[in-house]
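Enquirer: Below is the file my_file-v8.cif, with mmCIF, C-alpha atoms.
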```
data_target
loop_
_atom_site.group_PDB
_atom_site.id
_atom_site.type_symbol
_atom_site.label_atom_id
_atom_site.label_comp_id
_atom_site.auth_asym_id
_atom_site.auth_seq_id
_atom_site.Cartn_x
_atom_site.Cartn_y
_atom_site.Cartn_z
ATOM 1 C CA MET A 1 61.813 183.357 33.998
ATOM 2 C CA ARG A 2 64.403 181.420 32.019
ATOM 3 C CA PRO A 3 67.609 180.989 34.059
ATOM 4 C CA ARG A 4 70.971 181.846 32.574
ATOM 5 C CA ILE A 5 73.336 178.862 32.603
ATOM 6 C CA THR A 6 77.063 179.623 32.808
ATOM 7 C CA ALA A 7 79.587 176.849 32.208
ATOM 8 C CA LEU A 8 82.593 176.689 34.516
ATOM 9 C CA THR A 9 85.605 174.379 34.734
ATOM 10 C CA ASP A 10 87.187 173.048 37.895
ATOM 11 C CA PRO A 11 90.766 174.380 37.774
ATOM 12 C CA GLU A 12 92.264 171.365 39.565
ATOM 13 C CA PRO A 13 91.638 167.998 37.867
ATOM 14 C CA GLY A 14 92.180 164.990 40.108
ATOM 15 C CA ALA A 15 94.342 161.962 39.523
ATOM 16 C CA SER A 16 91.355 159.861 38.425
ATOM 17 C CA SER A 17 88.805 162.390 37.162
ATOM 18 C CA ARG A 18 88.129 165.908 35.994
ATOM 19 C CA ARG A 19 85.084 168.000 36.760
ATOM 20 C CA LEU A 20 82.832 170.402 34.869
ATOM 21 C CA ALA A 21 80.430 172.811 36.518
ATOM 22 C CA TRP A 22 77.480 175.043 35.649
ATOM 23 C CA LEU A 23 75.884 177.906 37.538
ATOM 24 C CA ALA A 24 72.241 178.889 37.055
ATOM 25 C CA ALA A 25 71.375 182.523 37.745
ATOM 26 C CA GLY A 26 68.313 184.713 37.422
ATOM 27 C CA SER A 27 68.041 187.895 35.363
ATOM 28 C CA ASP A 28 69.307 189.826 38.384
ATOM 29 C CA GLY A 29 72.405 187.646 38.632
ATOM 30 C CA MET A 30 71.204 185.893 41.773
ATOM 31 C CA PRO A 31 72.446 182.277 41.907
ATOM 32 C CA LEU A 32 69.625 179.744 41.686
ATOM 33 C CA GLY A 33 71.427 176.413 41.477
ATOM 34 C CA SER A 34 74.467 174.533 40.281
ATOM 35 C CA ALA A 35 75.478 171.299 38.605
ATOM 36 C CA PHE A 36 78.717 169.343 38.716
ATOM 37 C CA LEU A 37 79.705 166.579 36.315
ATOM 38 C CA ARG A 38 82.640 164.361 37.233
ATOM 39 C CA LEU A 39 84.239 162.699 34.215
ATOM 40 C CA PHE A 40 86.206 159.660 35.340
ATOM 41 C CA THR A 41 89.553 159.207 33.622
ATOM 42 C CA ARG A 42 90.906 156.084 35.344
ATOM 43 C CA GLU A 43 91.181 152.857 33.388
ATOM 44 C CA GLY A 44 87.959 150.857 33.480
ATOM 45 C CA GLN A 45 85.719 153.878 34.055
ATOM 46 C CA GLU A 46 86.312 156.104 31.046
ATOM 47 C CA HIS A 47 82.690 155.459 30.018
ATOM 48 C CA LEU A 48 81.213 156.958 33.179
ATOM 49 C CA ALA A 49 80.172 160.398 34.440
ATOM 50 C CA GLU A 50 78.763 161.299 37.843
ATOM 51 C CA LEU A 51 76.211 164.105 38.190
ATOM 52 C CA GLU A 52 75.214 166.331 41.077
ATOM 53 C CA VAL A 53 72.471 168.952 40.665
ATOM 54 C CA CYS A 54 71.529 171.379 43.445
ATOM 55 C CA VAL A 55 68.737 173.959 43.276
ATOM 56 C CA HIS A 56 67.783 176.311 46.095
ATOM 57 C CA HIS A 57 64.532 175.076 47.604
ATOM 58 C CA ALA A 58 62.786 178.380 46.874
ATOM 59 C CA GLU A 59 63.631 178.101 43.153
ATOM 60 C CA ARG A 60 62.464 174.531 42.535
ATOM 61 C CA ARG A 61 59.718 173.539 40.067
ATOM 62 C CA GLN A 62 60.663 176.431 37.782
ATOM 63 C CA GLY A 63 62.878 174.582 35.294
ATOM 64 C CA VAL A 64 66.228 175.481 36.868
ATOM 65 C CA GLY A 65 67.199 171.886 37.610
ATOM 66 C CA THR A 66 66.058 170.749 34.172
ATOM 67 C CA ARG A 67 68.232 173.331 32.426
ATOM 68 C CA LEU A 68 71.239 172.369 34.511
ATOM 69 C CA LEU A 69 70.610 168.688 33.824
ATOM 70 C CA GLU A 70 70.358 169.303 30.070
ATOM 71 C CA ALA A 71 73.685 171.121 30.050
ATOM 72 C CA ALA A 72 75.440 168.374 31.982
ATOM 73 C CA VAL A 73 74.005 165.507 29.931
ATOM 74 C CA ALA A 74 74.954 167.265 26.693
ATOM 75 C CA ALA A 75 78.513 167.616 27.957
ATOM 76 C CA ALA A 76 78.630 163.921 28.907
ATOM 77 C CA ARG A 77 77.444 162.946 25.429
ATOM 78 C CA SER A 78 79.949 165.274 23.804
ATOM 79 C CA ASP A 79 82.720 163.641 25.822
ATOM 80 C CA GLY A 80 81.693 160.184 24.617
ATOM 81 C CA ARG A 81 80.350 158.922 27.924
ATOM 82 C CA ARG A 82 78.064 155.883 27.996
ATOM 83 C CA SER A 83 76.381 156.372 31.359
ATOM 84 C CA VAL A 84 75.625 159.143 33.829
ATOM 85 C CA VAL A 85 75.007 158.219 37.472
ATOM 86 C CA ALA A 86 73.504 160.392 40.198
ATOM 87 C CA GLN A 87 72.482 159.802 43.791
ATOM 88 C CA ALA A 88 69.602 161.151 45.844
ATOM 89 C CA ALA A 89 68.183 160.524 49.297
ATOM 90 C CA GLU A 90 65.263 158.123 49.104
ATOM 91 C CA ASP A 91 61.858 159.859 48.812
ATOM 92 C CA SER A 92 63.520 163.274 48.471
ATOM 93 C CA PRO A 93 62.817 165.920 45.796
ATOM 94 C CA GLY A 94 66.001 164.766 44.070
ATOM 95 C CA ASP A 95 64.712 161.184 44.016
ATOM 96 C CA ARG A 96 61.549 162.284 42.233
ATOM 97 C CA PHE A 97 63.419 164.715 39.944
ATOM 98 C CA LEU A 98 65.702 162.003 38.546
ATOM 99 C CA ALA A 99 62.887 159.457 38.159
ATOM 100 C CA GLU A 100 60.800 161.946 36.181
ATOM 101 C CA ARG A 101 63.637 162.668 33.732
ATOM 102 C CA GLY A 102 64.483 159.258 32.394
ATOM 103 C CA PHE A 103 66.963 158.069 35.010
ATOM 104 C CA ARG A 104 66.603 154.460 36.154
ATOM 105 C CA ARG A 105 67.034 153.216 39.731
ATOM 106 C CA VAL A 106 69.985 150.826 39.795
ATOM 107 C CA LEU A 107 71.200 150.648 43.389
ATOM 108 C CA ALA A 108 69.897 151.238 46.913
ATOM 109 C CA LEU A 109 72.328 152.253 49.665
ATOM 110 C CA THR A 110 71.946 152.094 53.434
ATOM 111 C CA TYR A 111 73.827 154.731 55.429
ATOM 112 C CA ALA A 112 74.629 153.998 59.063
ATOM 113 C CA ARG A 113 76.473 155.570 61.987
ATOM 114 C CA LEU A 114 78.211 154.146 65.016
ATOM 115 C CA VAL A 115 77.862 156.537 67.966
ATOM 116 C CA LEU A 116 81.148 155.973 69.780
ATOM 117 C CA ALA A 117 79.756 157.071 73.127
ATOM 118 C CA ASP A 118 77.164 154.283 72.867
ATOM 119 C CA ALA A 119 79.440 151.620 71.364
ATOM 120 C CA ASP A 120 80.114 148.419 73.288
ATOM 121 C CA LEU A 121 83.875 148.904 73.222
ATOM 122 C CA ALA A 122 84.500 145.854 75.395
ATOM 123 C CA GLU A 123 82.736 143.649 72.848
ATOM 124 C CA ILE A 124 84.426 145.387 69.924
ATOM 125 C CA THR A 125 87.816 144.833 71.574
ATOM 126 C CA ARG A 126 86.948 141.177 72.163
ATOM 127 C CA LEU A 127 86.102 140.745 68.480
ATOM 128 C CA ALA A 128 89.288 142.529 67.433
ATOM 129 C CA GLU A 129 91.403 140.223 69.618
ATOM 130 C CA LEU A 130 89.816 136.937 68.549
ATOM 131 C CA PRO A 131 92.398 134.635 66.938
ATOM 132 C CA HIS A 132 91.922 133.771 63.273
ATOM 133 C CA PRO A 133 94.189 130.801 62.528
ATOM 134 C CA GLY A 134 96.348 131.355 59.467
ATOM 135 C CA TYR A 135 95.891 135.117 59.498
ATOM 136 C CA ARG A 136 97.181 138.154 61.358
ATOM 137 C CA LEU A 137 96.332 141.848 61.329
ATOM 138 C CA THR A 138 98.578 144.770 60.503
ATOM 139 C CA ALA A 139 97.834 148.495 60.256
ATOM 140 C CA TRP A 140 99.313 151.722 58.956
ATOM 141 C CA GLU A 141 98.585 155.427 58.697
ATOM 142 C CA GLY A 142 98.703 157.244 55.354
ATOM 143 C CA ALA A 143 100.444 155.521 52.437
ATOM 144 C CA VAL A 144 100.924 151.766 52.497
ATOM 145 C CA PRO A 145 104.424 150.677 53.604
ATOM 146 C CA PRO A 146 106.694 149.844 50.624
ATOM 147 C CA GLY A 147 106.985 146.188 51.588
ATOM 148 C CA LEU A 148 103.200 145.716 51.333
ATOM 149 C CA ALA A 149 102.486 148.069 48.429
ATOM 150 C CA ARG A 150 102.304 145.513 45.625
ATOM 151 C CA SER A 151 100.332 142.997 47.681
ATOM 152 C CA TYR A 152 97.923 145.690 48.870
ATOM 153 C CA ALA A 153 97.343 146.952 45.336
ATOM 154 C CA ASP A 154 96.621 143.397 44.213
ATOM 155 C CA SER A 155 94.154 142.933 47.083
ATOM 156 C CA ARG A 156 92.018 145.810 45.819
ATOM 157 C CA ARG A 157 90.347 143.375 43.421
ATOM 158 C CA ALA A 158 88.378 142.284 46.490
ATOM 159 C CA MET A 159 86.074 145.218 45.668
ATOM 160 C CA ASP A 160 85.406 144.045 42.098
ATOM 161 C CA ASP A 161 82.425 141.845 42.975
ATOM 162 C CA MET A 162 80.848 143.997 45.670
ATOM 163 C CA PRO A 163 77.089 144.271 45.068
ATOM 164 C CA MET A 164 76.416 147.110 42.609
ATOM 165 C CA GLU A 165 73.145 145.691 41.240
ATOM 166 C CA ASP A 166 72.584 147.209 37.764
ATOM 167 C CA THR A 167 75.030 150.112 38.043
ATOM 168 C CA ASP A 168 77.297 150.506 35.000
ATOM 169 C CA TYR A 169 80.180 151.350 37.309
ATOM 170 C CA GLY A 170 82.941 149.558 35.448
ATOM 171 C CA THR A 171 85.963 147.950 37.068
ATOM 172 C CA VAL A 172 88.623 150.091 38.686
ATOM 173 C CA VAL A 173 92.105 148.806 37.905
ATOM 174 C CA TRP A 174 94.467 149.333 40.842
ATOM 175 C CA ASP A 175 98.244 149.421 40.830
ATOM 176 C CA VAL A 176 100.806 150.751 43.290
ATOM 177 C CA ASP A 177 100.776 154.238 41.774
ATOM 178 C CA ARG A 178 96.989 154.467 42.141
ATOM 179 C CA VAL A 179 97.096 153.254 45.754
ATOM 180 C CA LEU A 180 99.722 155.877 46.603
ATOM 181 C CA ALA A 181 97.826 158.610 44.734
ATOM 182 C CA ALA A 182 94.642 157.830 46.684
ATOM 183 C CA ALA A 183 96.501 158.136 49.988
ATOM 184 C CA ALA A 184 98.112 161.372 48.830
ATOM 185 C CA ALA A 185 94.697 162.811 47.905
ATOM 186 C CA VAL A 186 93.388 162.178 51.423
ATOM 187 C CA ALA A 187 96.489 163.740 52.973
ATOM 188 C CA GLY A 188 96.320 166.667 50.550
ATOM 189 C CA ARG A 189 92.973 167.790 51.910
ATOM 190 C CA GLY A 190 94.192 167.488 55.494
ATOM 191 C CA ASP A 191 92.490 164.240 56.510
ATOM 192 C CA LEU A 192 94.020 161.123 58.070
ATOM 193 C CA LEU A 193 93.831 157.726 56.370
ATOM 194 C CA TYR A 194 94.058 154.606 58.545
ATOM 195 C CA THR A 195 94.132 151.107 57.079
ATOM 196 C CA VAL A 196 93.821 147.770 58.841
ATOM 197 C CA ALA A 197 94.780 144.770 56.712
ATOM 198 C CA ALA A 198 94.553 141.009 57.118
ATOM 199 C CA LEU A 199 97.665 139.076 56.077
ATOM 200 C CA ASP A 200 97.891 135.433 55.030
ATOM 201 C CA MET A 201 100.550 134.017 57.351
ATOM 202 C CA THR A 202 101.735 131.501 54.754
ATOM 203 C CA ASP A 203 103.220 134.194 52.512
ATOM 204 C CA GLY A 204 102.540 137.553 54.217
ATOM 205 C CA SER A 205 100.255 138.756 51.439
ATOM 206 C CA VAL A 206 97.354 141.182 52.008
ATOM 207 C CA VAL A 207 94.047 139.341 51.660
ATOM 208 C CA GLY A 208 91.680 142.001 53.019
ATOM 209 C CA PHE A 209 91.572 145.602 54.177
ATOM 210 C CA SER A 210 89.419 148.143 55.994
ATOM 211 C CA GLU A 211 89.977 151.878 55.448
ATOM 212 C CA LEU A 212 88.888 154.722 57.715
ATOM 213 C CA VAL A 213 89.301 158.440 56.995
ATOM 214 C CA VAL A 214 89.427 160.688 60.067
ATOM 215 C CA PRO A 215 89.105 164.514 59.964
ATOM 216 C CA GLY A 216 92.487 166.180 60.342
ATOM 217 C CA ASP A 217 91.658 167.576 63.774
ATOM 218 C CA GLY A 218 90.519 164.165 65.012
ATOM 219 C CA ARG A 219 87.056 165.426 65.904
ATOM 220 C CA GLY A 220 83.512 164.823 64.657
ATOM 221 C CA ASP A 221 82.679 161.839 62.455
ATOM 222 C CA ALA A 222 85.110 159.612 60.575
ATOM 223 C CA GLN A 223 84.155 157.844 57.333
ATOM 224 C CA HIS A 224 84.734 154.221 56.383
ATOM 225 C CA TYR A 225 85.994 154.103 52.796
ATOM 226 C CA GLY A 226 85.935 150.373 52.165
ATOM 227 C CA THR A 227 86.129 146.972 53.809
ATOM 228 C CA ALA A 228 86.723 143.951 51.576
ATOM 229 C CA VAL A 229 88.194 140.452 51.589
ATOM 230 C CA LEU A 230 89.521 138.528 48.597
ATOM 231 C CA PRO A 231 86.980 135.892 47.473
ATOM 232 C CA GLU A 232 89.293 132.978 48.190
ATOM 233 C CA HIS A 233 89.667 134.096 51.842
ATOM 234 C CA ARG A 234 86.039 134.806 52.680
ATOM 235 C CA GLY A 235 84.073 132.847 55.240
ATOM 236 C CA HIS A 236 86.640 133.256 58.033
ATOM 237 C CA GLY A 237 85.213 136.382 59.676
ATOM 238 C CA LEU A 238 88.020 138.631 58.405
ATOM 239 C CA GLY A 239 85.727 141.535 57.481
ATOM 240 C CA ARG A 240 84.289 141.784 60.984
ATOM 241 C CA TRP A 241 87.767 141.300 62.493
ATOM 242 C CA MET A 242 89.318 144.156 60.520
ATOM 243 C CA LYS A 243 86.418 146.549 61.053
ATOM 244 C CA ALA A 244 86.379 145.876 64.795
ATOM 245 C CA GLU A 245 90.121 146.578 64.956
ATOM 246 C CA SER A 246 89.613 149.762 62.935
ATOM 247 C CA ILE A 247 86.981 150.964 65.438
ATOM 248 C CA ARG A 248 89.173 150.087 68.406
ATOM 249 C CA ARG A 249 92.174 151.948 67.002
ATOM 250 C CA ALA A 250 90.129 155.023 66.076
ATOM 251 C CA ARG A 251 88.698 155.221 69.583
ATOM 252 C CA GLU A 252 92.132 154.907 71.190
ATOM 253 C CA ARG A 253 93.838 157.454 68.929
ATOM 254 C CA HIS A 254 91.140 160.127 68.686
ATOM 255 C CA ALA A 255 89.130 160.808 71.828
ATOM 256 C CA GLY A 256 87.407 163.694 70.022
ATOM 257 C CA LEU A 257 85.688 161.447 67.471
ATOM 258 C CA THR A 258 81.940 161.240 68.025
ATOM 259 C CA GLY A 259 80.941 158.721 65.362
ATOM 260 C CA LEU A 260 81.905 156.517 62.442
ATOM 261 C CA LEU A 261 79.944 156.637 59.184
ATOM 262 C CA THR A 262 79.492 153.864 56.652
ATOM 263 C CA ASP A 263 77.389 153.203 53.561
ATOM 264 C CA THR A 264 76.594 149.802 52.129
ATOM 265 C CA ALA A 265 74.612 148.464 49.202
ATOM 266 C CA SER A 266 71.259 147.415 50.629
ATOM 267 C CA SER A 267 71.689 144.030 48.914
ATOM 268 C CA ASN A 268 75.043 143.378 50.635
ATOM 269 C CA ALA A 269 73.648 141.247 53.443
ATOM 270 C CA PRO A 270 77.038 140.094 54.856
ATOM 271 C CA MET A 271 78.343 143.643 55.373
ATOM 272 C CA LEU A 272 75.008 144.894 56.683
ATOM 273 C CA GLY A 273 75.176 142.058 59.218
ATOM 274 C CA ILE A 274 78.699 143.072 60.272
ATOM 275 C CA ASN A 275 77.603 146.680 60.731
ATOM 276 C CA ASP A 276 74.617 145.624 62.813
ATOM 277 C CA GLU A 277 76.733 143.340 64.998
ATOM 278 C CA LEU A 278 79.245 146.136 65.655
ATOM 279 C CA GLY A 279 76.520 148.588 66.675
ATOM 280 C CA TYR A 280 76.008 150.747 63.574
ATOM 281 C CA VAL A 281 72.498 152.200 63.351
ATOM 282 C CA PRO A 282 70.940 153.026 59.946
ATOM 283 C CA THR A 283 70.381 156.753 59.472
ATOM 284 C CA HIS A 284 68.895 156.971 55.981
ATOM 285 C CA ARG A 285 68.741 155.335 52.577
ATOM 286 C CA ALA A 286 69.803 156.684 49.214
ATOM 287 C CA VAL A 287 69.113 155.663 45.640
ATOM 288 C CA GLU A 288 71.638 155.529 42.827
ATOM 289 C CA TYR A 289 70.184 156.462 39.452
ATOM 290 C CA GLN A 290 71.618 155.892 35.995
ATOM 291 C CA LEU A 291 70.959 157.439 32.596
ATOM 292 C CA GLY A 292 72.104 155.529 29.531
ATOM 293 C CA LEU A 293 73.488 157.686 26.715
#
```
Can you give me the file's structure in the form of structure tokens?

Expert:
Amino acid sequence: MRPRITALTDPEPGASSRRLAWLAAGSDGMPLGSAFLRLFTREGQEHLAELEVCVHHAERRQGVGTRLLEAAVAAARSDGRRSVVAQAAEDSPGDRFLAERGFRRVLALTYARLVLADADLAEITRLAELPHPGYRLTAWEGAVPPGLARSYADSRRAMDDMPMEDTDYGTVVWDVDRVLAAAAAVAGRGDLLYTVAALDMTDGSVVGFSELVVPGDGRGDAQHYGTAVLPEHRGHGLGRWMKAESIRRARERHAGLTGLLTDTASSNAPMLGINDELGYVPTHRAVEYQLGL
């Protein structure tokens, strides 16, 4: 059976990307699988596309995934993309599928979860309240306050050198408009964005940040979006300080939260150490693959 592949288009492009989609169906019209290709449009990533292929487990090993992959890769080439990235759980069918079709492993990720009921909140509070001479913490919900907007946008370069191993990820260029658009996107889907930032007391500038996205109803698991410190301010324990404060605030504000999720490059030893110290327990590993076009 040769599946029929139907191209679709996401009707709502985002502020930093647009998305294409394909549906695979059998001769009887029954859906067999799907593929999504995100084409990044933000400056510094116009060369990149991100692929997701899903095939129903009962329909695997029959060429459905291969046909979907071919359609998506052809579209990426047609759009002038240089690289396609895709992620799969380690040792999963998706892991093997990508490896067998010319994709190259470029990054390993460790996923971890902090079970709030088991967290040592007394220790986390102690870490959050430790003095850090020359620095102070501030926090906000949603969009960054106007007085910190420029400084916060500038601090986003702290993510530029995070370990990405061989991934052709590019460099995301942040400005105030992009920072505000990112916050608006979180709010637009009904979630809550909380940011803790470290300020340099000499000039009040943002030198590090830790973001946490909480479900709109305040229940279930929240997701860490990023914790980073500017290179010139590292070595003072600011990453641990901000993340501990983020945990403490989440616990106080949302009693219905059960856990906090985070993912970290497996080569990022400093952040893995912070997660371990704060009580995060690894849940699984994933592999980032890349196909050069």

Enquirer: So, counting only C-alpha atoms, which residue among A:Ala149, A:Ala112, A:Gly204, A:Gly256 is closest to A:His224?

Expert: A:Ala112

Enquirer: Apply the PyMOL selection byres ((chain A and resi 220) around 12) to the file shown and report the selected residues as a ChimeraX atom specification.

Expert: /A:113-116,213-219,221-223,250-251,254-261

Enquirer: If we count only C-alpha atoms and set the cut-off at 8 Å, which residues sit around A:Ala88, ignoring sequence neighbours fewer than 3 positions away in its own chain? Please answer as a list in words.

Expert: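 My reading of the contact set: Ser92, Gly94, Asp95, Ala286, Val287, Glu288 and Tyr289 of chain A.
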
Enquirer: Could you name the residues that touch A:Val144 at 12 Å or less, counting only C-alpha atoms, but leaving out those on the same chain fewer than 6 positions away, as a list in words?

Expert: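 In the requested format, the answer is Thr138, Arg150, Ser151, Tyr152, Ala153, Val176, Asp177, Arg178, Val179, Leu180, Ala181, Ala182, Ala183, Ala184, Leu193, Tyr194, Thr195, Val196, Ala197, Val206, Phe209 and Glu211 of chain A.
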
Enquirer: Could you save those same residues with C-alpha atoms as a PDB file, in the frame of the given file?

Expert:
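New file selection_15.pdb:
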```pdb
ATOM      1  CA  THR A 138      98.578 144.770  60.503  1.00  0.00           C
ATOM      2  CA  ARG A 150     102.304 145.513  45.625  1.00  0.00           C
ATOM      3  CA  SER A 151     100.332 142.997  47.681  1.00  0.00           C
ATOM      4  CA  TYR A 152      97.923 145.690  48.870  1.00  0.00           C
ATOM      5  CA  ALA A 153      97.343 146.952  45.336  1.00  0.00           C
ATOM      6  CA  VAL A 176     100.806 150.751  43.290  1.00  0.00           C
ATOM      7  CA  ASP A 177     100.776 154.238  41.774  1.00  0.00           C
ATOM      8  CA  ARG A 178      96.989 154.467  42.141  1.00  0.00           C
ATOM      9  CA  VAL A 179      97.096 153.254  45.754  1.00  0.00           C
ATOM     10  CA  LEU A 180      99.722 155.877  46.603  1.00  0.00           C
ATOM     11  CA  ALA A 181      97.826 158.610  44.734  1.00  0.00           C
ATOM     12  CA  ALA A 182      94.642 157.830  46.684  1.00  0.00           C
ATOM     13  CA  ALA A 183      96.501 158.136  49.988  1.00  0.00           C
ATOM     14  CA  ALA A 184      98.112 161.372  48.830  1.00  0.00           C
ATOM     15  CA  LEU A 193      93.831 157.726  56.370  1.00  0.00           C
ATOM     16  CA  TYR A 194      94.058 154.606  58.545  1.00  0.00           C
ATOM     17  CA  THR A 195      94.132 151.107  57.079  1.00  0.00           C
ATOM     18  CA  VAL A 196      93.821 147.770  58.841  1.00  0.00           C
ATOM     19  CA  ALA A 197      94.780 144.770  56.712  1.00  0.00           C
ATOM     20  CA  VAL A 206      97.354 141.182  52.008  1.00  0.00           C
ATOM     21  CA  PHE A 209      91.572 145.602  54.177  1.00  0.00           C
ATOM     22  CA  GLU A 211      89.977 151.878  55.448  1.00  0.00           C
TER      23      GLU A 211
END
```

Enquirer: Between atom CA of A:Val64 and atom CA of A:Gly33, what is the distance, to one decimal in Å?

Expert: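 Going from atom CA of A:Val64 over to atom CA of A:Gly33, I get 7.0 Å.
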
Enquirer: Quick one: pull the distance between atom CA of A:His284 and atom CA of A:Leu68, Å, one decimal.

Expert: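 Computing the Euclidean distance for atom CA of A:His284 and atom CA of A:Leu68 yields 26.5 Å.
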
Enquirer: Hey, which of A:Ala122, A:Leu199, A:Met30, A:Ala265 ends up closest to A:Gly134? Count all atoms listed in the file.

Expert: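 Of A:Ala122, A:Leu199, A:Met30, A:Ala265, the one nearest A:Gly134, counting all atoms listed in the file, is A:Leu199.
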
Enquirer: Can you list what the PyMOL selection byres ((chain A and resi 124-131) around 10) grabs from this structure, as an MDAnalysis selection string?

Expert: chainID A and resid 119:123 132:137 237:238 240:249 277:279

Enquirer: Rank nothing, just name the residue among A:Val55, A:Ala24, A:Ala228, A:Ala86 nearest to A:Arg104, using all atoms listed in the file.

Expert: A:Ala86

Enquirer: Give me, please, the distance in Å between atom CA of A:Leu8 and atom CA of A:Ser34, quoted to one decimal.

Expert: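 These atoms are spaced 10.2 Å apart.
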
Enquirer: Using the chain letters and residue numbers of this document, give as a list in words the residues selected by the PyMOL selection byres ((chain A and resi 17) around 12).

Expert: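 Selected by the PyMOL selection byres ((chain A and resi 17) around 12) here: Asp10, Glu12, Pro13, Gly14, Ala15, Ser16, Arg18, Arg19, Leu20, Leu37, Arg38, Leu39, Phe40, Thr41, Arg42, Glu43, Gln45, Glu46, His47, Leu48, Ala49 and Glu50 of chain A.
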